[in-house]
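Visitor: Before I ask anything, let me first share the structure, which is written out below as structure tokens.
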There are 2 protein chains.
Amino acid sequence: MSRGSLFVVTGPSGAGKGTVLGKVRGELDRLHYSVSLTTRPPREGEEHGVHYHFCSPDEAMGMIASGHMLEHAEYVGNIYGTPEAPVEAALDAGLDVILEIEVQGALQIKAKRPDATLVFIAPPSFEELERRLRGRGTESDEKIASRLNRARDEQKKVGEFHYVVLNDDADLAAAELRAIIVAQRCTLARRADVLPG
Amino acid sequence: MSRGSLFVVTGPSGAGKGTVLGKVRGELDRLHYSVSLTTRPPREGEEHGVHYHFCSPDEAMGMIASGHMLEHAEYVGNIYGTPEAPVEAALDAGLDVILEIEVQGALQIKAKRPDATLVFIAPPSFEELERRLRGRGTESDEKIASRLNRARDEQKKVGEFHYVVLNDDADLAAAELRAIIVAQRCTLARRADVLPG
């Protein structure tokens with residue numbers, strides 16, 4: 001059995017990473033969804049261990065200091081990060097691993113793991129992005145303005161990514177992300193062990 | 001509008017290239033199927049201009065000599081090749097182009113067009129390949145033996161390809177080929193013109 005592939009799915013806050021991944025989740029087997037750690041408080045409906053491992057700033061800093069994080073980033077005053085051990089265990093078990101992370105963390109992964117497949121989920125426009133962020137109804141005008149500025153900066157990094165999925169229609173975007181994962185499974189390296197010799 | 005991508009689909013005779021491509025054909029838009037030229041006689045049900053441009057050896061040699069072929073190969077006593085002009089026209093029109101060709105021709109394309117995406121369709125086993133070739137009921141034992149020897153040689157070239165689709169179940173194989181095409185459409189180069197700036 002070949003080792004799994006690491007997929008990094010990122011994009012500006014509000015581009016719809018979570019929605020798109022939610023639609024892929026039920027449709028492909030052999031996927032492991034990495035659960036990020038965060039110091040931000042849970043939003044309505046978010047569960048500990050499912051959407052995030054929610055933790056204190058002290059806990060997060062401890063994990064970073066002891067080298068147990070694959071990537072981490074501070075974003076709008078909170079720490080986000082990916083514990084490394086569960087990712088490695090899943091890859092070794094032949095599962096593909098999906099990391100849904102911030103752009104800053106995605107670029108850390110790119111530097112550390114040149115074999116990772118990087119997918120940027122982009123909003124169809126910045127006007128639509130603002131509309132989506134306001135639609136959440138959970139954040140102040142100041143935080144929304146901060147996210148929009150951040151999104152424009154993040155968009156400038158798109159050249160670092162392998163794939164771009166434009167999330168205008170979430171079903172189409174999910175079909176594209178699924179295709180990217182399936183195609184990766186068909187690469188020569190992943191198929192070497194099943195070929196007739 | 002970005003330029004289309006060139007896909008080369010190859011594999012041993014009997015691996016099921018035609019069957020798999022037939023299933024993809026109806027399911028994706030913006031695809032152009034290049035029609036190869038061949039000097040071999042039509043098989044039952046094959047139409048001129050649809051499955052192949054059937055031509056005489058003299059015509060084929062003339063096209064090759066005048067530099068109008070993207071690739072060509074001799075295979076079991078017949079010439080096969082791809083006229084270049086229709087491929088270029090389709091790519092310029094933003095269509096993805098599929099070339100279904102022999103392995104020898106695929107490697108010529110790889111050398112000439114490093115941006116082409118190369119897909120190798122492999123049989124699940126050589127025993128199954130022999131069964132399929134005999135099932136056609138159109139060829140002598142000698143020709144079948146020649147094709148099987150050729151298939152074993154071709155399989156050794158699999159390391160030259162980007163993707164490998166194992167054609168055990170033709171529907172699954174077609175889904176994989178479709179995913180490879182969709183994923184290519186999501187690459188950064190193909191998306192540059194639709195991103196919010």
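To be explicit about the labels: the chains of the structure tokens are called A, B, and onward in the order shown, and within each one the residues are counted from 1, while ligands get numbers from 1 in the order they are shown.
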Taking only C-alpha atoms into account, find every residue of chain B that has an atom no more than 6 Å from chain A, and write it out as a VMD selection string.
Guide: chain B and resid 125 162 to 164 179 to 180 183 186 to 188 196
Visitor: Hey, can you spit out that residue selection with N, CA and C atoms as a compact mmCIF listing (two decimals), in the first residue's frame?
Guide:
# COMPACT_ATOMS: atom_id res chain seq x y z
N SER B 125 -4.05 -6.86 -15.52
CA SER B 125 -3.03 -7.91 -15.58
C SER B 125 -2.81 -8.26 -17.05
N HIS B 162 2.62 10.88 -16.30
CA HIS B 162 2.21 11.60 -15.10
C HIS B 162 1.17 10.82 -14.30
N TYR B 163 0.25 10.21 -15.03
CA TYR B 163 -0.86 9.53 -14.36
C TYR B 163 -1.01 8.10 -14.89
N VAL B 164 -1.47 7.22 -14.01
CA VAL B 164 -1.76 5.85 -14.40
C VAL B 164 -3.20 5.52 -14.00
N ALA B 179 -11.49 12.98 -13.66
CA ALA B 179 -10.92 13.74 -12.54
C ALA B 179 -9.58 14.36 -12.95
N ILE B 180 -8.79 13.63 -13.69
CA ILE B 180 -7.48 14.15 -14.14
C ILE B 180 -7.68 15.38 -15.03
N ALA B 183 -9.06 18.29 -12.80
CA ALA B 183 -7.99 18.82 -11.94
C ALA B 183 -7.06 19.72 -12.76
N CYS B 186 -8.13 23.13 -13.04
CA CYS B 186 -8.04 23.91 -11.79
C CYS B 186 -6.62 24.36 -11.50
N THR B 187 -5.66 24.01 -12.35
CA THR B 187 -4.29 24.43 -12.07
C THR B 187 -4.19 25.95 -12.18
N LEU B 188 -3.21 26.48 -11.48
CA LEU B 188 -3.02 27.92 -11.41
C LEU B 188 -2.99 28.56 -12.80
N PRO B 196 -10.34 36.96 -8.83
CA PRO B 196 -10.55 38.36 -8.45
C PRO B 196 -9.19 38.99 -8.17
Visitor: Can you list, as a PyMOL selection string, every protein, DNA or RNA residue that comes within 8 Å of His32 of chain B when you count only C-alpha atoms, leaving out same-chain residues fewer than 5 positions away?
Guide: chain B and resi 90+95-98
Visitor: Based on the selection just made, write C-alpha atoms of those residues as a JSON list (two decimals), in the first residue's frame.
Guide:
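The result, stored in again.json:
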[["chain", "number", "residue", "atom", "x", "y", "z"],
["B", 90, "ALA", "CA", -8.60, 23.53, -30.70],
["B", 95, "LEU", "CA", -10.60, 23.53, -25.67],
["B", 96, "ASP", "CA", -8.79, 20.69, -23.97],
["B", 97, "VAL", "CA", -7.49, 18.24, -26.55],
["B", 98, "ILE", "CA", -7.39, 14.48, -26.04]]
Visitor: Please identify all polymer residues within 7 Å of Gly11 of chain A, counting only C-alpha atoms, omitting same-chain residues fewer than 3 positions from it, and present them as a PyMOL selection string.
Guide: chain A and resi 15+17+102-103+120-122
Visitor: Got a sec to tell me which of chain B DSSP assigns to strand (DSSP E), as a PyMOL selection string?
Guide: chain B and resi 6-10+31-33+37-38+53-54+69-75+78-83+96-100+117-122+163-166
Visitor: With N, CA and C atoms retained, export the selected residues as a CSV table (one decimal), in the first residue's frame.
Guide:
chain,number,residue,atom,x,y,z
B,6,LEU,N,-3.3,20.0,-23.3
B,6,LEU,CA,-3.2,18.8,-24.2
B,6,LEU,C,-3.0,17.6,-23.3
B,7,PHE,N,-3.9,16.6,-23.5
B,7,PHE,CA,-3.9,15.3,-22.8
B,7,PHE,C,-3.5,14.2,-23.7
B,8,VAL,N,-2.6,13.4,-23.4
B,8,VAL,CA,-2.2,12.3,-24.2
B,8,VAL,C,-2.6,11.0,-23.4
B,9,VAL,N,-3.5,10.2,-24.0
B,9,VAL,CA,-4.0,9.0,-23.4
B,9,VAL,C,-3.5,7.8,-24.1
B,10,THR,N,-2.7,7.0,-23.5
B,10,THR,CA,-2.1,5.9,-24.1
B,10,THR,C,-2.2,4.6,-23.3
B,31,LEU,N,-14.1,19.7,-24.6
B,31,LEU,CA,-13.1,18.7,-25.0
B,31,LEU,C,-13.1,18.5,-26.5
B,32,HIS,N,-11.9,18.4,-27.1
B,32,HIS,CA,-11.8,18.1,-28.5
B,32,HIS,C,-11.0,16.8,-28.6
B,33,TYR,N,-11.6,15.8,-29.3
B,33,TYR,CA,-11.0,14.5,-29.5
B,33,TYR,C,-10.3,14.6,-30.8
B,37,LEU,N,-4.7,9.6,-37.7
B,37,LEU,CA,-4.6,9.1,-39.1
B,37,LEU,C,-4.1,7.7,-39.0
B,38,THR,N,-4.5,6.8,-39.8
B,38,THR,CA,-3.9,5.4,-39.8
B,38,THR,C,-4.0,4.8,-41.2
B,53,HIS,N,-8.9,8.9,-39.3
B,53,HIS,CA,-8.8,9.2,-40.8
B,53,HIS,C,-8.0,8.0,-41.4
B,54,PHE,N,-8.7,7.2,-42.1
B,54,PHE,CA,-8.1,6.1,-42.8
B,54,PHE,C,-7.4,6.6,-44.1
B,69,MET,N,2.7,16.4,-39.0
B,69,MET,CA,2.3,15.5,-38.0
B,69,MET,C,2.9,15.8,-36.6
B,70,LEU,N,2.1,15.8,-35.6
B,70,LEU,CA,2.6,16.1,-34.2
B,70,LEU,C,3.4,14.9,-33.7
B,71,GLU,N,3.0,13.7,-34.1
B,71,GLU,CA,3.7,12.4,-33.8
B,71,GLU,C,3.2,11.4,-34.8
B,72,HIS,N,4.1,10.4,-34.9
B,72,HIS,CA,3.7,9.2,-35.7
B,72,HIS,C,4.4,8.0,-35.3
B,73,ALA,N,3.9,6.9,-35.5
B,73,ALA,CA,4.5,5.6,-35.1
B,73,ALA,C,4.1,4.5,-36.1
B,74,GLU,N,4.9,3.5,-36.2
B,74,GLU,CA,4.6,2.3,-37.0
B,74,GLU,C,4.3,1.3,-35.9
B,75,TYR,N,3.2,0.5,-36.1
B,75,TYR,CA,2.8,-0.4,-35.1
B,75,TYR,C,2.1,-1.6,-35.8
B,78,ASN,N,1.5,-1.0,-39.5
B,78,ASN,CA,0.7,0.1,-40.0
B,78,ASN,C,1.2,1.4,-39.4
B,79,ILE,N,1.0,2.5,-40.1
B,79,ILE,CA,1.4,3.8,-39.6
B,79,ILE,C,0.2,4.4,-38.9
B,80,TYR,N,0.4,5.0,-37.7
B,80,TYR,CA,-0.5,5.8,-37.0
B,80,TYR,C,0.1,7.2,-36.8
B,81,GLY,N,-0.8,8.2,-36.7
B,81,GLY,CA,-0.2,9.6,-36.5
B,81,GLY,C,-1.2,10.6,-36.2
B,82,THR,N,-0.8,11.8,-35.7
B,82,THR,CA,-1.7,12.9,-35.3
B,82,THR,C,-1.4,14.1,-36.1
B,83,PRO,N,-2.3,14.5,-37.0
B,83,PRO,CA,-2.1,15.8,-37.7
B,83,PRO,C,-2.1,16.9,-36.7
B,96,ASP,N,-9.8,21.7,-24.3
B,96,ASP,CA,-8.8,20.7,-24.0
B,96,ASP,C,-8.8,19.7,-25.1
B,97,VAL,N,-7.6,19.2,-25.4
B,97,VAL,CA,-7.5,18.2,-26.5
B,97,VAL,C,-7.0,16.9,-26.0
B,98,ILE,N,-7.7,15.8,-26.4
B,98,ILE,CA,-7.4,14.5,-26.0
B,98,ILE,C,-6.8,13.8,-27.2
B,99,LEU,N,-5.6,13.3,-27.1
B,99,LEU,CA,-5.0,12.4,-28.1
B,99,LEU,C,-5.0,11.0,-27.6
B,100,GLU,N,-5.6,10.1,-28.3
B,100,GLU,CA,-5.6,8.7,-27.9
B,100,GLU,C,-4.6,8.0,-28.9
B,117,THR,N,-0.1,16.7,-20.6
B,117,THR,CA,-0.4,15.8,-19.5
B,117,THR,C,-0.5,14.4,-20.0
B,118,LEU,N,0.3,13.4,-19.5
B,118,LEU,CA,0.4,12.1,-20.1
B,118,LEU,C,-0.3,11.1,-19.2
B,119,VAL,N,-1.3,10.4,-19.7
B,119,VAL,CA,-2.0,9.4,-18.9
B,119,VAL,C,-1.8,8.0,-19.6
B,120,PHE,N,-1.4,7.1,-18.7
B,120,PHE,CA,-1.2,5.7,-19.2
B,120,PHE,C,-2.4,4.8,-18.7
B,121,ILE,N,-3.1,4.2,-19.6
B,121,ILE,CA,-4.2,3.3,-19.2
B,121,ILE,C,-3.6,1.9,-19.2
B,122,ALA,N,-3.6,1.3,-18.0
B,122,ALA,CA,-3.0,0.0,-17.9
B,122,ALA,C,-4.1,-1.1,-17.7
B,163,TYR,N,0.3,10.2,-15.0
B,163,TYR,CA,-0.9,9.5,-14.4
B,163,TYR,C,-1.0,8.1,-14.9
B,164,VAL,N,-1.5,7.2,-14.0
B,164,VAL,CA,-1.8,5.8,-14.4
B,164,VAL,C,-3.2,5.5,-14.0
B,165,VAL,N,-4.0,5.1,-15.0
B,165,VAL,CA,-5.4,4.7,-14.7
B,165,VAL,C,-5.4,3.2,-15.0
B,166,LEU,N,-5.8,2.4,-13.9
B,166,LEU,CA,-5.8,1.0,-14.0
B,166,LEU,C,-7.2,0.6,-14.5
Visitor: Mind checking which residues fall within 6 Å of segment 49-52 of chain A, counting only C-alpha atoms, ignoring those fewer than 3 positions away in the same chain, and posting them as a VMD selection string?
Guide: chain A and resid 35 to 37 46
Visitor: Would you mind writing down, as an MDAnalysis selection string, each residue of segment 70-150 of chain A that DSSP on the backbone assigns to helix (DSSP H, G or I)?
Guide: chainID A and resid 84:92 103:112 126:136 141:150
Visitor: When you look at Leu148 of chain A with a cut-off of 9 Å (counting only C-alpha atoms), what residues show up, excluding the ones that are within fewer than 5 positions of it in the same chain? I need them as a count of residues only.
Guide: 8
Visitor: Distance atom CA of Ser56 of chain B-atom CA of Val87 of chain B, one decimal place?
Guide: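 That distance, rounded to one decimal, is 21.7 Å.
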Visitor: Fewer than 3 positions away in the same chain doesn't count, so skip those; otherwise give me all residues within 8 Å of Ala93 of chain B, counting only C-alpha atoms, as a list in words.
Guide: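 Surrounding residues, per the criterion: Arg3, Gly4, Ala89 and Ala90 of chain B.
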Visitor: Just to be explicit: take each residue in the selection above, keep N, CA and C atoms, and write the result as a short mmCIF file (atom, residue, chain, number, x, y, z; two decimals), in the first residue's frame.
Guide:
data_model
loop_
_atom_site.label_atom_id
_atom_site.label_comp_id
_atom_site.auth_asym_id
_atom_site.auth_seq_id
_atom_site.Cartn_x
_atom_site.Cartn_y
_atom_site.Cartn_z
N ARG B 3 -5.66 29.23 -22.76
CA ARG B 3 -5.47 28.19 -23.77
C ARG B 3 -5.82 26.83 -23.16
N GLY B 4 -6.28 25.91 -24.00
CA GLY B 4 -6.62 24.57 -23.52
C GLY B 4 -5.38 23.78 -23.15
N ALA B 89 -5.45 24.39 -33.37
CA ALA B 89 -6.65 25.22 -33.50
C ALA B 89 -7.56 25.04 -32.29
N ALA B 90 -7.72 23.80 -31.84
CA ALA B 90 -8.60 23.53 -30.70
C ALA B 90 -8.03 24.12 -29.41
#
